[in-house]
Amino acid sequence: MDRVLEPEVMADPRQALAYARADFGEVNQRFVDELVARHPMPAHARVVDLGCGPADIPIRLAAALPRSQIVAVDASIPMLALGLEALRQRPPRVSLICARLPHLPFADRGFDAVISNSLLHHLPEPAVLWRDVARLVRPGGVVHVMDLFRPRSVNEARDIVEAAAGDEDQVLRDDFFNSLLAAFTPEEVQHQLAEGGLGHLACAVVSERHLLVSGRR
Ligand SMILES: C[S@@+](CC[C@H](N)C(=O)[O-])C[C@H]1O[C@@H](n2cnc3c(N)ncnc32)[C@H](O)[C@@H]1O
């Protein structure tokens, strides 16, 4: 099945709200637990999360790494507004930045870790992500990027939505379906990594719908 693009930035407030209300707690916590278990980091690690959405992963990561600084970036104002709401009354170690890849206001090699979940499939041109990953992480720093992978058929995509989000709001289900069709295959991601000078990193399938690129620069 060929890739079908979906809108890049999730700028519709209804879409952002449906996403923030959906139950991604287990997947997000697994993302954080895997990151922390695989990659010991300096106590005061600086981490950037690209395409942070409503900031659930940055909040969980700040709890797992109690002296870290997390910079969470998204180009959607409705998503960041929900992130701001979620951050109220939490320790101020997560900063939200409104910016759009590839136009990020950060110096080269400024982060101990670059992380991202479910941004890649939104990008018409995937090299945009890998260029910023390679640019922002310090030598020896951590890269931890997870995304959906594209199923073999539309029917398979429908089955995944039904199984994983059968009880969710219709806006969320439609977005999820569109995201599966917009996602890359593990082979395509491996090729992107090689093209982006990150070919030493492996792209692994880690669930019935997720792939993970995890290693050090
Ligand atoms: C599916 S959401 C994932 C949110 C979050 N990472 C999570 O796992 O809950 C993808 C996010 O990437 C953002 N996004 C898409 N293209 C972007 C770009 N070029 N720069 C910054 N953010 C972008 C969207 O606005 C959206 O909030």
# chains A, B, ... in the order shown; residues from 1 in each chain; ligands from 1
>>> residues_near_ligand(ligand="ligand 1", cutoff="6 Å", atoms="only C-alpha atoms and all ligand atoms", output="list in words")
Glu8, Val9, Met10, Gly51, Cys52, Gly53, Asp74, Ala75, Ser76, Met79, Ala99, Arg100, Leu101, Ser116, Asn117, Ser118, Leu119, His122 and Leu123 of chain A
>>> select_by_dssp(residues="range 2-156 of chain A", states="helix (DSSP H, G or I)", output="PyMOL selection string")
chain A and resi 13-21+25-38+56-64+77-87+120-122+127-136+154-156
>>> atom_distance(atom1="CA of Ile77 in chain A", atom2="CA of Cys98 in chain A")
7.0 Å
>>> select_by_dssp(residues="range 3-209 of chain A", states="strand (DSSP E or B)", output="PyMOL selection string")
chain A and resi 46-50+69-74+94-98+100+103+111-117+137-149+184+203-205
>>> closest_residue(among="A:Gly215, A:Gly110, A:Gly197, A:Pro151", to="Thr185 in chain A", atoms="only C-alpha atoms")
A:Pro151
>>> closest_residue(among="A:His103, A:Arg30, A:Arg150, A:Arg173", to="Arg131 in chain A", atoms="only C-alpha atoms")
A:His103
>>> closest_residue(among="A:Arg138, A:Arg21, A:Arg46, A:His121", to="Arg3 in chain A", atoms="only C-alpha atoms")
A:His121
>>> residues_around(residues="Pro91 in chain A", least_positions_apart="2", cutoff="12 Å", atoms="only C-alpha atoms", output="list in words")
Pro58, Ile59, Arg60, Ala62, Ala63, Pro66, Arg67, Ser68, Gln69, Ile70, Ala86, Leu87, Arg88, Gln89, Arg93, Val94 and Ser95 of chain A
>>> closest_residue(among="A:Ala165, A:Leu180, A:Ala81, A:Val71", to="Ala16 in chain A", atoms="only C-alpha atoms")
A:Ala81
>>> atom_distance(atom1="CA of Ile115 in chain A", atom2="CA of Ala72 in chain A")
9.6 Å
>>> atom_distance(atom1="CA of Leu136 in chain A", atom2="CA of Glu187 in chain A")
24.3 Å
>>> residues_around(residues="Val142 in chain A", least_positions_apart="3", cutoff="10 Å", atoms="only C-alpha atoms", output="ChimeraX atom specification")
/A:35,38-41,47,111-115,133,137-139,145,214-217
>>> write_last_selection(atoms="N, CA, C and O atoms", output="PDB file, in the first residue's frame")
ATOM      1  N   LEU A  35      13.144   4.230  27.304  1.00  0.00           N
ATOM      2  CA  LEU A  35      14.192   5.241  27.124  1.00  0.00           C
ATOM      3  C   LEU A  35      15.129   5.254  28.330  1.00  0.00           C
ATOM      4  O   LEU A  35      16.355   5.206  28.190  1.00  0.00           O
ATOM      5  N   ARG A  38      17.117   1.859  28.729  1.00  0.00           N
ATOM      6  CA  ARG A  38      18.156   1.589  27.724  1.00  0.00           C
ATOM      7  C   ARG A  38      19.331   2.543  27.807  1.00  0.00           C
ATOM      8  O   ARG A  38      20.442   2.191  27.449  1.00  0.00           O
ATOM      9  N   HIS A  39      19.043   3.802  28.227  1.00  0.00           N
ATOM     10  CA  HIS A  39      20.060   4.841  28.058  1.00  0.00           C
ATOM     11  C   HIS A  39      20.272   5.653  29.331  1.00  0.00           C
ATOM     12  O   HIS A  39      19.597   6.687  29.528  1.00  0.00           O
ATOM     13  N   PRO A  40      21.197   5.228  30.180  1.00  0.00           N
ATOM     14  CA  PRO A  40      21.503   6.052  31.355  1.00  0.00           C
ATOM     15  C   PRO A  40      21.925   7.452  30.891  1.00  0.00           C
ATOM     16  O   PRO A  40      22.665   7.587  29.917  1.00  0.00           O
ATOM     17  N   MET A  41      21.412   8.470  31.599  1.00  0.00           N
ATOM     18  CA  MET A  41      21.698   9.853  31.178  1.00  0.00           C
ATOM     19  C   MET A  41      22.285  10.645  32.330  1.00  0.00           C
ATOM     20  O   MET A  41      22.078  10.289  33.496  1.00  0.00           O
ATOM     21  N   VAL A  47      16.847  17.386  27.488  1.00  0.00           N
ATOM     22  CA  VAL A  47      16.177  16.518  26.503  1.00  0.00           C
ATOM     23  C   VAL A  47      15.233  17.381  25.679  1.00  0.00           C
ATOM     24  O   VAL A  47      14.533  18.236  26.229  1.00  0.00           O
ATOM     25  N   PHE A 111      21.694  19.098  23.074  1.00  0.00           N
ATOM     26  CA  PHE A 111      20.865  18.225  23.924  1.00  0.00           C
ATOM     27  C   PHE A 111      21.544  16.874  24.186  1.00  0.00           C
ATOM     28  O   PHE A 111      22.213  16.322  23.307  1.00  0.00           O
ATOM     29  N   ASP A 112      21.319  16.356  25.410  1.00  0.00           N
ATOM     30  CA  ASP A 112      21.816  15.024  25.748  1.00  0.00           C
ATOM     31  C   ASP A 112      20.951  13.939  25.108  1.00  0.00           C
ATOM     32  O   ASP A 112      21.406  12.811  24.937  1.00  0.00           O
ATOM     33  N   ALA A 113      19.716  14.290  24.797  1.00  0.00           N
ATOM     34  CA  ALA A 113      18.826  13.312  24.148  1.00  0.00           C
ATOM     35  C   ALA A 113      17.819  14.047  23.279  1.00  0.00           C
ATOM     36  O   ALA A 113      17.308  15.103  23.654  1.00  0.00           O
ATOM     37  N   VAL A 114      17.536  13.461  22.120  1.00  0.00           N
ATOM     38  CA  VAL A 114      16.456  13.941  21.249  1.00  0.00           C
ATOM     39  C   VAL A 114      15.442  12.811  21.140  1.00  0.00           C
ATOM     40  O   VAL A 114      15.798  11.686  20.759  1.00  0.00           O
ATOM     41  N   ILE A 115      14.207  13.115  21.522  1.00  0.00           N
ATOM     42  CA  ILE A 115      13.171  12.088  21.496  1.00  0.00           C
ATOM     43  C   ILE A 115      11.994  12.573  20.654  1.00  0.00           C
ATOM     44  O   ILE A 115      11.816  13.791  20.444  1.00  0.00           O
ATOM     45  N   VAL A 133      17.304  15.732  14.218  1.00  0.00           N
ATOM     46  CA  VAL A 133      17.785  14.786  15.236  1.00  0.00           C
ATOM     47  C   VAL A 133      19.315  14.796  15.233  1.00  0.00           C
ATOM     48  O   VAL A 133      19.959  14.961  16.275  1.00  0.00           O
ATOM     49  N   VAL A 137      21.417  16.605  18.734  1.00  0.00           N
ATOM     50  CA  VAL A 137      21.951  15.750  19.793  1.00  0.00           C
ATOM     51  C   VAL A 137      23.479  15.893  19.857  1.00  0.00           C
ATOM     52  O   VAL A 137      24.146  16.010  18.833  1.00  0.00           O
ATOM     53  N   ARG A 138      23.985  15.898  21.099  1.00  0.00           N
ATOM     54  CA  ARG A 138      25.451  15.997  21.238  1.00  0.00           C
ATOM     55  C   ARG A 138      26.087  14.671  20.823  1.00  0.00           C
ATOM     56  O   ARG A 138      25.412  13.620  20.839  1.00  0.00           O
ATOM     57  N   PRO A 139      27.374  14.662  20.482  1.00  0.00           N
ATOM     58  CA  PRO A 139      28.032  13.393  20.169  1.00  0.00           C
ATOM     59  C   PRO A 139      27.889  12.436  21.360  1.00  0.00           C
ATOM     60  O   PRO A 139      28.108  12.847  22.505  1.00  0.00           O
ATOM     61  N   VAL A 145      13.281   7.551  18.972  1.00  0.00           N
ATOM     62  CA  VAL A 145      12.183   8.011  18.108  1.00  0.00           C
ATOM     63  C   VAL A 145      11.250   6.834  17.834  1.00  0.00           C
ATOM     64  O   VAL A 145      11.681   5.804  17.306  1.00  0.00           O
ATOM     65  N   SER A 214      16.307   3.610  18.339  1.00  0.00           N
ATOM     66  CA  SER A 214      16.822   3.957  19.650  1.00  0.00           C
ATOM     67  C   SER A 214      18.305   3.618  19.731  1.00  0.00           C
ATOM     68  O   SER A 214      18.704   2.492  19.453  1.00  0.00           O
ATOM     69  N   GLY A 215      19.108   4.612  20.064  1.00  0.00           N
ATOM     70  CA  GLY A 215      20.547   4.373  20.176  1.00  0.00           C
ATOM     71  C   GLY A 215      21.251   5.666  20.519  1.00  0.00           C
ATOM     72  O   GLY A 215      20.623   6.598  21.048  1.00  0.00           O
ATOM     73  N   ARG A 216      22.543   5.694  20.230  1.00  0.00           N
ATOM     74  CA  ARG A 216      23.327   6.906  20.523  1.00  0.00           C
ATOM     75  C   ARG A 216      23.927   7.461  19.258  1.00  0.00           C
ATOM     76  O   ARG A 216      24.195   6.732  18.316  1.00  0.00           O
ATOM     77  N   ARG A 217      24.145   8.760  19.267  1.00  0.00           N
ATOM     78  CA  ARG A 217      24.703   9.445  18.091  1.00  0.00           C
ATOM     79  C   ARG A 217      26.118   9.002  17.851  1.00  0.00           C
ATOM     80  O   ARG A 217      26.880   8.889  18.802  1.00  0.00           O
TER      81      ARG A 217
END
>>> residues_around(residues="Phe176 in chain A", least_positions_apart="6", cutoff="12 Å", atoms="only C-alpha atoms", output="PDB file with all heavy atoms, in the first residue's frame")
ATOM      1  N   GLU A   6      -1.176  12.902   5.445  1.00  0.00           N
ATOM      2  CA  GLU A   6      -2.229  13.578   6.214  1.00  0.00           C
ATOM      3  C   GLU A   6      -1.727  14.987   6.555  1.00  0.00           C
ATOM      4  O   GLU A   6      -0.543  15.265   6.383  1.00  0.00           O
ATOM      5  CB  GLU A   6      -2.583  12.780   7.480  1.00  0.00           C
ATOM      6  CG  GLU A   6      -1.496  12.723   8.520  1.00  0.00           C
ATOM      7  CD  GLU A   6      -1.989  12.125   9.837  1.00  0.00           C
ATOM      8  OE1 GLU A   6      -3.196  12.074  10.091  1.00  0.00           O
ATOM      9  OE2 GLU A   6      -1.124  11.714  10.623  1.00  0.00           O
ATOM     10  N   GLN A  15      -9.375  18.337  16.969  1.00  0.00           N
ATOM     11  CA  GLN A  15      -8.424  17.237  16.762  1.00  0.00           C
ATOM     12  C   GLN A  15      -7.453  17.149  17.958  1.00  0.00           C
ATOM     13  O   GLN A  15      -7.182  16.068  18.479  1.00  0.00           O
ATOM     14  CB  GLN A  15      -7.655  17.601  15.494  1.00  0.00           C
ATOM     15  CG  GLN A  15      -6.849  16.555  14.838  1.00  0.00           C
ATOM     16  CD  GLN A  15      -6.080  17.150  13.640  1.00  0.00           C
ATOM     17  OE1 GLN A  15      -5.806  18.356  13.587  1.00  0.00           O
ATOM     18  NE2 GLN A  15      -5.733  16.294  12.709  1.00  0.00           N
ATOM     19  N   ALA A  18      -9.329  15.799  21.042  1.00  0.00           N
ATOM     20  CA  ALA A  18      -9.582  14.346  20.943  1.00  0.00           C
ATOM     21  C   ALA A  18      -8.288  13.589  21.210  1.00  0.00           C
ATOM     22  O   ALA A  18      -8.285  12.558  21.896  1.00  0.00           O
ATOM     23  CB  ALA A  18     -10.123  14.000  19.558  1.00  0.00           C
ATOM     24  N   TYR A  19      -7.179  14.116  20.720  1.00  0.00           N
ATOM     25  CA  TYR A  19      -5.886  13.444  20.923  1.00  0.00           C
ATOM     26  C   TYR A  19      -5.499  13.475  22.402  1.00  0.00           C
ATOM     27  O   TYR A  19      -5.077  12.461  22.973  1.00  0.00           O
ATOM     28  CB  TYR A  19      -4.814  14.114  20.061  1.00  0.00           C
ATOM     29  CG  TYR A  19      -3.542  13.305  19.996  1.00  0.00           C
ATOM     30  CD1 TYR A  19      -3.382  12.302  19.047  1.00  0.00           C
ATOM     31  CD2 TYR A  19      -2.519  13.511  20.909  1.00  0.00           C
ATOM     32  CE1 TYR A  19      -2.232  11.526  19.007  1.00  0.00           C
ATOM     33  CE2 TYR A  19      -1.367  12.743  20.882  1.00  0.00           C
ATOM     34  CZ  TYR A  19      -1.235  11.760  19.926  1.00  0.00           C
ATOM     35  OH  TYR A  19      -0.097  10.987  19.894  1.00  0.00           O
ATOM     36  N   ALA A  22      -7.551  11.045  24.510  1.00  0.00           N
ATOM     37  CA  ALA A  22      -7.424   9.607  24.230  1.00  0.00           C
ATOM     38  C   ALA A  22      -6.474   8.976  25.246  1.00  0.00           C
ATOM     39  O   ALA A  22      -5.618   9.662  25.817  1.00  0.00           O
ATOM     40  CB  ALA A  22      -6.904   9.397  22.818  1.00  0.00           C
ATOM     41  N   SER A 118       5.559   9.695  17.267  1.00  0.00           N
ATOM     42  CA  SER A 118       4.436   9.913  16.347  1.00  0.00           C
ATOM     43  C   SER A 118       4.468  11.254  15.618  1.00  0.00           C
ATOM     44  O   SER A 118       3.416  11.780  15.272  1.00  0.00           O
ATOM     45  CB  SER A 118       3.085   9.755  17.069  1.00  0.00           C
ATOM     46  OG  SER A 118       2.870   8.409  17.351  1.00  0.00           O
ATOM     47  N   HIS A 121       5.436  10.423  10.886  1.00  0.00           N
ATOM     48  CA  HIS A 121       4.447  10.154   9.830  1.00  0.00           C
ATOM     49  C   HIS A 121       3.684  11.404   9.408  1.00  0.00           C
ATOM     50  O   HIS A 121       3.004  11.395   8.389  1.00  0.00           O
ATOM     51  CB  HIS A 121       3.471   9.041  10.261  1.00  0.00           C
ATOM     52  CG  HIS A 121       2.551   9.439  11.369  1.00  0.00           C
ATOM     53  ND1 HIS A 121       2.804   9.188  12.701  1.00  0.00           N
ATOM     54  CD2 HIS A 121       1.361  10.097  11.341  1.00  0.00           C
ATOM     55  CE1 HIS A 121       1.814   9.654  13.437  1.00  0.00           C
ATOM     56  NE2 HIS A 121       0.925  10.223  12.642  1.00  0.00           N
ATOM     57  N   HIS A 122       3.787  12.476  10.197  1.00  0.00           N
ATOM     58  CA  HIS A 122       3.121  13.733   9.817  1.00  0.00           C
ATOM     59  C   HIS A 122       3.907  14.507   8.763  1.00  0.00           C
ATOM     60  O   HIS A 122       3.376  15.429   8.155  1.00  0.00           O
ATOM     61  CB  HIS A 122       2.960  14.644  11.040  1.00  0.00           C
ATOM     62  CG  HIS A 122       1.793  14.266  11.899  1.00  0.00           C
ATOM     63  ND1 HIS A 122       0.515  14.739  11.693  1.00  0.00           N
ATOM     64  CD2 HIS A 122       1.707  13.439  12.957  1.00  0.00           C
ATOM     65  CE1 HIS A 122      -0.302  14.230  12.585  1.00  0.00           C
ATOM     66  NE2 HIS A 122       0.402  13.433  13.372  1.00  0.00           N
ATOM     67  N   ASP A 147       7.383   5.607  16.183  1.00  0.00           N
ATOM     68  CA  ASP A 147       6.272   6.019  15.317  1.00  0.00           C
ATOM     69  C   ASP A 147       5.431   4.803  14.980  1.00  0.00           C
ATOM     70  O   ASP A 147       5.813   3.670  15.305  1.00  0.00           O
ATOM     71  CB  ASP A 147       6.786   6.698  14.033  1.00  0.00           C
ATOM     72  CG  ASP A 147       5.786   7.710  13.510  1.00  0.00           C
ATOM     73  OD1 ASP A 147       4.609   7.353  13.288  1.00  0.00           O
ATOM     74  OD2 ASP A 147       6.148   8.883  13.357  1.00  0.00           O
ATOM     75  N   LEU A 148       4.315   5.078  14.341  1.00  0.00           N
ATOM     76  CA  LEU A 148       3.515   4.003  13.771  1.00  0.00           C
ATOM     77  C   LEU A 148       4.240   3.487  12.538  1.00  0.00           C
ATOM     78  O   LEU A 148       5.053   4.215  11.959  1.00  0.00           O
ATOM     79  CB  LEU A 148       2.146   4.559  13.341  1.00  0.00           C
ATOM     80  CG  LEU A 148       1.307   5.178  14.463  1.00  0.00           C
ATOM     81  CD1 LEU A 148       0.139   5.955  13.858  1.00  0.00           C
ATOM     82  CD2 LEU A 148       0.805   4.087  15.410  1.00  0.00           C
ATOM     83  N   PHE A 149       3.958   2.253  12.142  1.00  0.00           N
ATOM     84  CA  PHE A 149       4.389   1.856  10.800  1.00  0.00           C
ATOM     85  C   PHE A 149       3.169   1.536   9.934  1.00  0.00           C
ATOM     86  O   PHE A 149       2.098   1.210  10.452  1.00  0.00           O
ATOM     87  CB  PHE A 149       5.413   0.720  10.816  1.00  0.00           C
ATOM     88  CG  PHE A 149       4.931  -0.592  11.376  1.00  0.00           C
ATOM     89  CD1 PHE A 149       4.222  -1.490  10.584  1.00  0.00           C
ATOM     90  CD2 PHE A 149       5.210  -0.933  12.683  1.00  0.00           C
ATOM     91  CE1 PHE A 149       3.792  -2.713  11.092  1.00  0.00           C
ATOM     92  CE2 PHE A 149       4.780  -2.156  13.204  1.00  0.00           C
ATOM     93  CZ  PHE A 149       4.071  -3.039  12.416  1.00  0.00           C
ATOM     94  N   ARG A 150       3.360   1.669   8.634  1.00  0.00           N
ATOM     95  CA  ARG A 150       2.229   1.551   7.716  1.00  0.00           C
ATOM     96  C   ARG A 150       1.845   0.075   7.530  1.00  0.00           C
ATOM     97  O   ARG A 150       2.703  -0.747   7.189  1.00  0.00           O
ATOM     98  CB  ARG A 150       2.632   2.161   6.358  1.00  0.00           C
ATOM     99  CG  ARG A 150       1.489   2.334   5.389  1.00  0.00           C
ATOM    100  CD  ARG A 150       1.868   3.233   4.230  1.00  0.00           C
ATOM    101  NE  ARG A 150       2.720   2.606   3.233  1.00  0.00           N
ATOM    102  CZ  ARG A 150       4.000   2.912   3.042  1.00  0.00           C
ATOM    103  NH1 ARG A 150       4.588   3.836   3.768  1.00  0.00           N
ATOM    104  NH2 ARG A 150       4.708   2.306   2.110  1.00  0.00           N
ATOM    105  N   ALA A 157      -5.312  -1.616   8.387  1.00  0.00           N
ATOM    106  CA  ALA A 157      -5.346  -0.346   9.140  1.00  0.00           C
ATOM    107  C   ALA A 157      -6.662  -0.227   9.905  1.00  0.00           C
ATOM    108  O   ALA A 157      -6.679   0.148  11.083  1.00  0.00           O
ATOM    109  CB  ALA A 157      -5.163   0.834   8.185  1.00  0.00           C
ATOM    110  N   ARG A 158      -7.773  -0.589   9.251  1.00  0.00           N
ATOM    111  CA  ARG A 158      -9.090  -0.529   9.932  1.00  0.00           C
ATOM    112  C   ARG A 158      -9.100  -1.447  11.146  1.00  0.00           C
ATOM    113  O   ARG A 158      -9.598  -1.073  12.217  1.00  0.00           O
ATOM    114  CB  ARG A 158     -10.201  -0.955   8.968  1.00  0.00           C
ATOM    115  CG  ARG A 158     -10.520   0.092   7.959  1.00  0.00           C
ATOM    116  CD  ARG A 158     -11.978   0.026   7.467  1.00  0.00           C
ATOM    117  NE  ARG A 158     -12.127   1.020   6.415  1.00  0.00           N
ATOM    118  CZ  ARG A 158     -11.996   0.770   5.109  1.00  0.00           C
ATOM    119  NH1 ARG A 158     -11.748  -0.460   4.678  1.00  0.00           N
ATOM    120  NH2 ARG A 158     -12.111   1.739   4.228  1.00  0.00           N
ATOM    121  N   ASP A 159      -8.531  -2.643  10.978  1.00  0.00           N
ATOM    122  CA  ASP A 159      -8.526  -3.606  12.094  1.00  0.00           C
ATOM    123  C   ASP A 159      -7.709  -3.071  13.271  1.00  0.00           C
ATOM    124  O   ASP A 159      -8.081  -3.245  14.435  1.00  0.00           O
ATOM    125  CB  ASP A 159      -7.921  -4.948  11.640  1.00  0.00           C
ATOM    126  CG  ASP A 159      -8.856  -5.682  10.690  1.00  0.00           C
ATOM    127  OD1 ASP A 159     -10.040  -5.291  10.595  1.00  0.00           O
ATOM    128  OD2 ASP A 159      -8.382  -6.624  10.022  1.00  0.00           O
ATOM    129  N   ILE A 160      -6.585  -2.415  12.971  1.00  0.00           N
ATOM    130  CA  ILE A 160      -5.741  -1.873  14.051  1.00  0.00           C
ATOM    131  C   ILE A 160      -6.506  -0.781  14.803  1.00  0.00           C
ATOM    132  O   ILE A 160      -6.509  -0.732  16.034  1.00  0.00           O
ATOM    133  CB  ILE A 160      -4.406  -1.325  13.475  1.00  0.00           C
ATOM    134  CG1 ILE A 160      -3.558  -2.487  12.953  1.00  0.00           C
ATOM    135  CG2 ILE A 160      -3.639  -0.533  14.523  1.00  0.00           C
ATOM    136  CD1 ILE A 160      -2.318  -2.062  12.180  1.00  0.00           C
ATOM    137  N   VAL A 161      -7.182   0.090  14.064  1.00  0.00           N
ATOM    138  CA  VAL A 161      -7.945   1.165  14.719  1.00  0.00           C
ATOM    139  C   VAL A 161      -9.025   0.556  15.611  1.00  0.00           C
ATOM    140  O   VAL A 161      -9.200   0.964  16.768  1.00  0.00           O
ATOM    141  CB  VAL A 161      -8.571   2.119  13.666  1.00  0.00           C
ATOM    142  CG1 VAL A 161      -9.505   3.121  14.333  1.00  0.00           C
ATOM    143  CG2 VAL A 161      -7.475   2.838  12.882  1.00  0.00           C
ATOM    144  N   GLU A 162      -9.721  -0.435  15.093  1.00  0.00           N
ATOM    145  CA  GLU A 162     -10.801  -1.077  15.849  1.00  0.00           C
ATOM    146  C   GLU A 162     -10.260  -1.703  17.145  1.00  0.00           C
ATOM    147  O   GLU A 162     -10.823  -1.514  18.225  1.00  0.00           O
ATOM    148  CB  GLU A 162     -11.429  -2.164  14.952  1.00  0.00           C
ATOM    149  CG  GLU A 162     -12.874  -2.446  15.234  1.00  0.00           C
ATOM    150  CD  GLU A 162     -13.699  -1.191  15.492  1.00  0.00           C
ATOM    151  OE1 GLU A 162     -13.681  -0.261  14.660  1.00  0.00           O
ATOM    152  OE2 GLU A 162     -14.349  -1.140  16.561  1.00  0.00           O
ATOM    153  N   ALA A 163      -9.138  -2.409  17.008  1.00  0.00           N
ATOM    154  CA  ALA A 163      -8.596  -3.120  18.175  1.00  0.00           C
ATOM    155  C   ALA A 163      -8.021  -2.158  19.211  1.00  0.00           C
ATOM    156  O   ALA A 163      -8.183  -2.351  20.414  1.00  0.00           O
ATOM    157  CB  ALA A 163      -7.512  -4.100  17.718  1.00  0.00           C
ATOM    158  N   ALA A 164      -7.357  -1.087  18.739  1.00  0.00           N
ATOM    159  CA  ALA A 164      -6.630  -0.224  19.687  1.00  0.00           C
ATOM    160  C   ALA A 164      -7.447   0.982  20.126  1.00  0.00           C
ATOM    161  O   ALA A 164      -7.152   1.573  21.172  1.00  0.00           O
ATOM    162  CB  ALA A 164      -5.312   0.243  19.061  1.00  0.00           C
ATOM    163  N   ALA A 165      -8.455   1.378  19.326  1.00  0.00           N
ATOM    164  CA  ALA A 165      -9.165   2.629  19.644  1.00  0.00           C
ATOM    165  C   ALA A 165     -10.663   2.506  19.399  1.00  0.00           C
ATOM    166  O   ALA A 165     -11.343   3.508  19.165  1.00  0.00           O
ATOM    167  CB  ALA A 165      -8.583   3.770  18.798  1.00  0.00           C
ATOM    168  N   GLY A 166     -11.163   1.257  19.494  1.00  0.00           N
ATOM    169  CA  GLY A 166     -12.584   1.017  19.219  1.00  0.00           C
ATOM    170  C   GLY A 166     -13.521   1.866  20.059  1.00  0.00           C
ATOM    171  O   GLY A 166     -14.601   2.238  19.610  1.00  0.00           O
ATOM    172  N   GLU A 168     -12.804   4.919  21.309  1.00  0.00           N
ATOM    173  CA  GLU A 168     -12.452   6.351  21.302  1.00  0.00           C
ATOM    174  C   GLU A 168     -13.413   7.140  20.418  1.00  0.00           C
ATOM    175  O   GLU A 168     -14.138   6.592  19.578  1.00  0.00           O
ATOM    176  CB  GLU A 168     -11.005   6.545  20.808  1.00  0.00           C
ATOM    177  CG  GLU A 168      -9.939   5.848  21.642  1.00  0.00           C
ATOM    178  CD  GLU A 168      -9.642   6.556  22.966  1.00  0.00           C
ATOM    179  OE1 GLU A 168     -10.237   7.612  23.243  1.00  0.00           O
ATOM    180  OE2 GLU A 168      -8.807   6.033  23.731  1.00  0.00           O
ATOM    181  N   ASP A 169     -13.355   8.438  20.603  1.00  0.00           N
ATOM    182  CA  ASP A 169     -14.108   9.417  19.831  1.00  0.00           C
ATOM    183  C   ASP A 169     -13.828   9.265  18.310  1.00  0.00           C
ATOM    184  O   ASP A 169     -12.729   8.899  17.919  1.00  0.00           O
ATOM    185  CB  ASP A 169     -13.545  10.720  20.419  1.00  0.00           C
ATOM    186  CG  ASP A 169     -13.903  11.985  19.750  1.00  0.00           C
ATOM    187  OD1 ASP A 169     -13.827  12.064  18.513  1.00  0.00           O
ATOM    188  OD2 ASP A 169     -14.223  12.909  20.489  1.00  0.00           O
ATOM    189  N   GLN A 170     -14.847   9.558  17.484  1.00  0.00           N
ATOM    190  CA  GLN A 170     -14.699   9.353  16.029  1.00  0.00           C
ATOM    191  C   GLN A 170     -13.584  10.219  15.424  1.00  0.00           C
ATOM    192  O   GLN A 170     -12.886   9.789  14.503  1.00  0.00           O
ATOM    193  CB  GLN A 170     -16.037   9.633  15.318  1.00  0.00           C
ATOM    194  CG  GLN A 170     -16.069   9.221  13.858  1.00  0.00           C
ATOM    195  CD  GLN A 170     -15.853   7.712  13.663  1.00  0.00           C
ATOM    196  OE1 GLN A 170     -16.394   6.887  14.402  1.00  0.00           O
ATOM    197  NE2 GLN A 170     -15.029   7.341  12.688  1.00  0.00           N
ATOM    198  N   ALA A 182      -0.433   7.205   6.551  1.00  0.00           N
ATOM    199  CA  ALA A 182       0.647   8.178   6.275  1.00  0.00           C
ATOM    200  C   ALA A 182       2.006   7.695   6.779  1.00  0.00           C
ATOM    201  O   ALA A 182       3.038   8.295   6.460  1.00  0.00           O
ATOM    202  CB  ALA A 182       0.306   9.511   6.943  1.00  0.00           C
ATOM    203  N   ALA A 183       1.993   6.619   7.565  1.00  0.00           N
ATOM    204  CA  ALA A 183       3.235   6.178   8.219  1.00  0.00           C
ATOM    205  C   ALA A 183       4.166   5.498   7.214  1.00  0.00           C
ATOM    206  O   ALA A 183       3.787   5.180   6.082  1.00  0.00           O
ATOM    207  CB  ALA A 183       2.887   5.224   9.358  1.00  0.00           C
ATOM    208  N   ARG A 209       1.946  -2.165  15.965  1.00  0.00           N
ATOM    209  CA  ARG A 209       1.797  -0.959  15.153  1.00  0.00           C
ATOM    210  C   ARG A 209       2.945   0.042  15.296  1.00  0.00           C
ATOM    211  O   ARG A 209       2.938   1.080  14.631  1.00  0.00           O
ATOM    212  CB  ARG A 209       0.467  -0.266  15.452  1.00  0.00           C
ATOM    213  CG  ARG A 209       0.276   0.209  16.878  1.00  0.00           C
ATOM    214  CD  ARG A 209      -1.103   0.823  17.041  1.00  0.00           C
ATOM    215  NE  ARG A 209      -1.254   1.596  18.249  1.00  0.00           N
ATOM    216  CZ  ARG A 209      -1.563   1.083  19.442  1.00  0.00           C
ATOM    217  NH1 ARG A 209      -1.725  -0.217  19.591  1.00  0.00           N
ATOM    218  NH2 ARG A 209      -1.718   1.881  20.487  1.00  0.00           N
TER     219      ARG A 209
END
>>> closest_residue(among="A:Gly83, A:Asp132, A:Leu120, A:Asp174", to="Phe106 in chain A", atoms="only C-alpha atoms")
A:Asp132
>>> closest_residue(among="A:Glu85, A:Glu156, A:Asp56, A:Asp12", to="Asn28 in chain A", atoms="only C-alpha atoms")
A:Asp56
>>> decode(residues="range 47-58 of chain A", atoms="C-alpha atoms", output="short mmCIF file (atom, residue, chain, number, x, y, z; two decimals), in the first residue's frame")
data_model
loop_
_atom_site.label_atom_id
_atom_site.label_comp_id
_atom_site.auth_asym_id
_atom_site.auth_seq_id
_atom_site.Cartn_x
_atom_site.Cartn_y
_atom_site.Cartn_z
CA VAL A 47 16.18 16.52 26.50
CA VAL A 48 14.19 17.83 23.55
CA ASP A 49 10.88 16.23 22.49
CA LEU A 50 10.04 16.99 18.86
CA GLY A 51 6.30 17.13 18.07
CA CYS A 52 5.36 16.88 21.76
CA GLY A 53 1.57 17.30 21.28
CA PRO A 54 -0.20 17.78 24.66
CA ALA A 55 3.10 17.09 26.49
CA ASP A 56 2.18 13.80 28.16
CA ILE A 57 5.55 12.20 27.37
CA PRO A 58 7.61 15.21 28.59
#
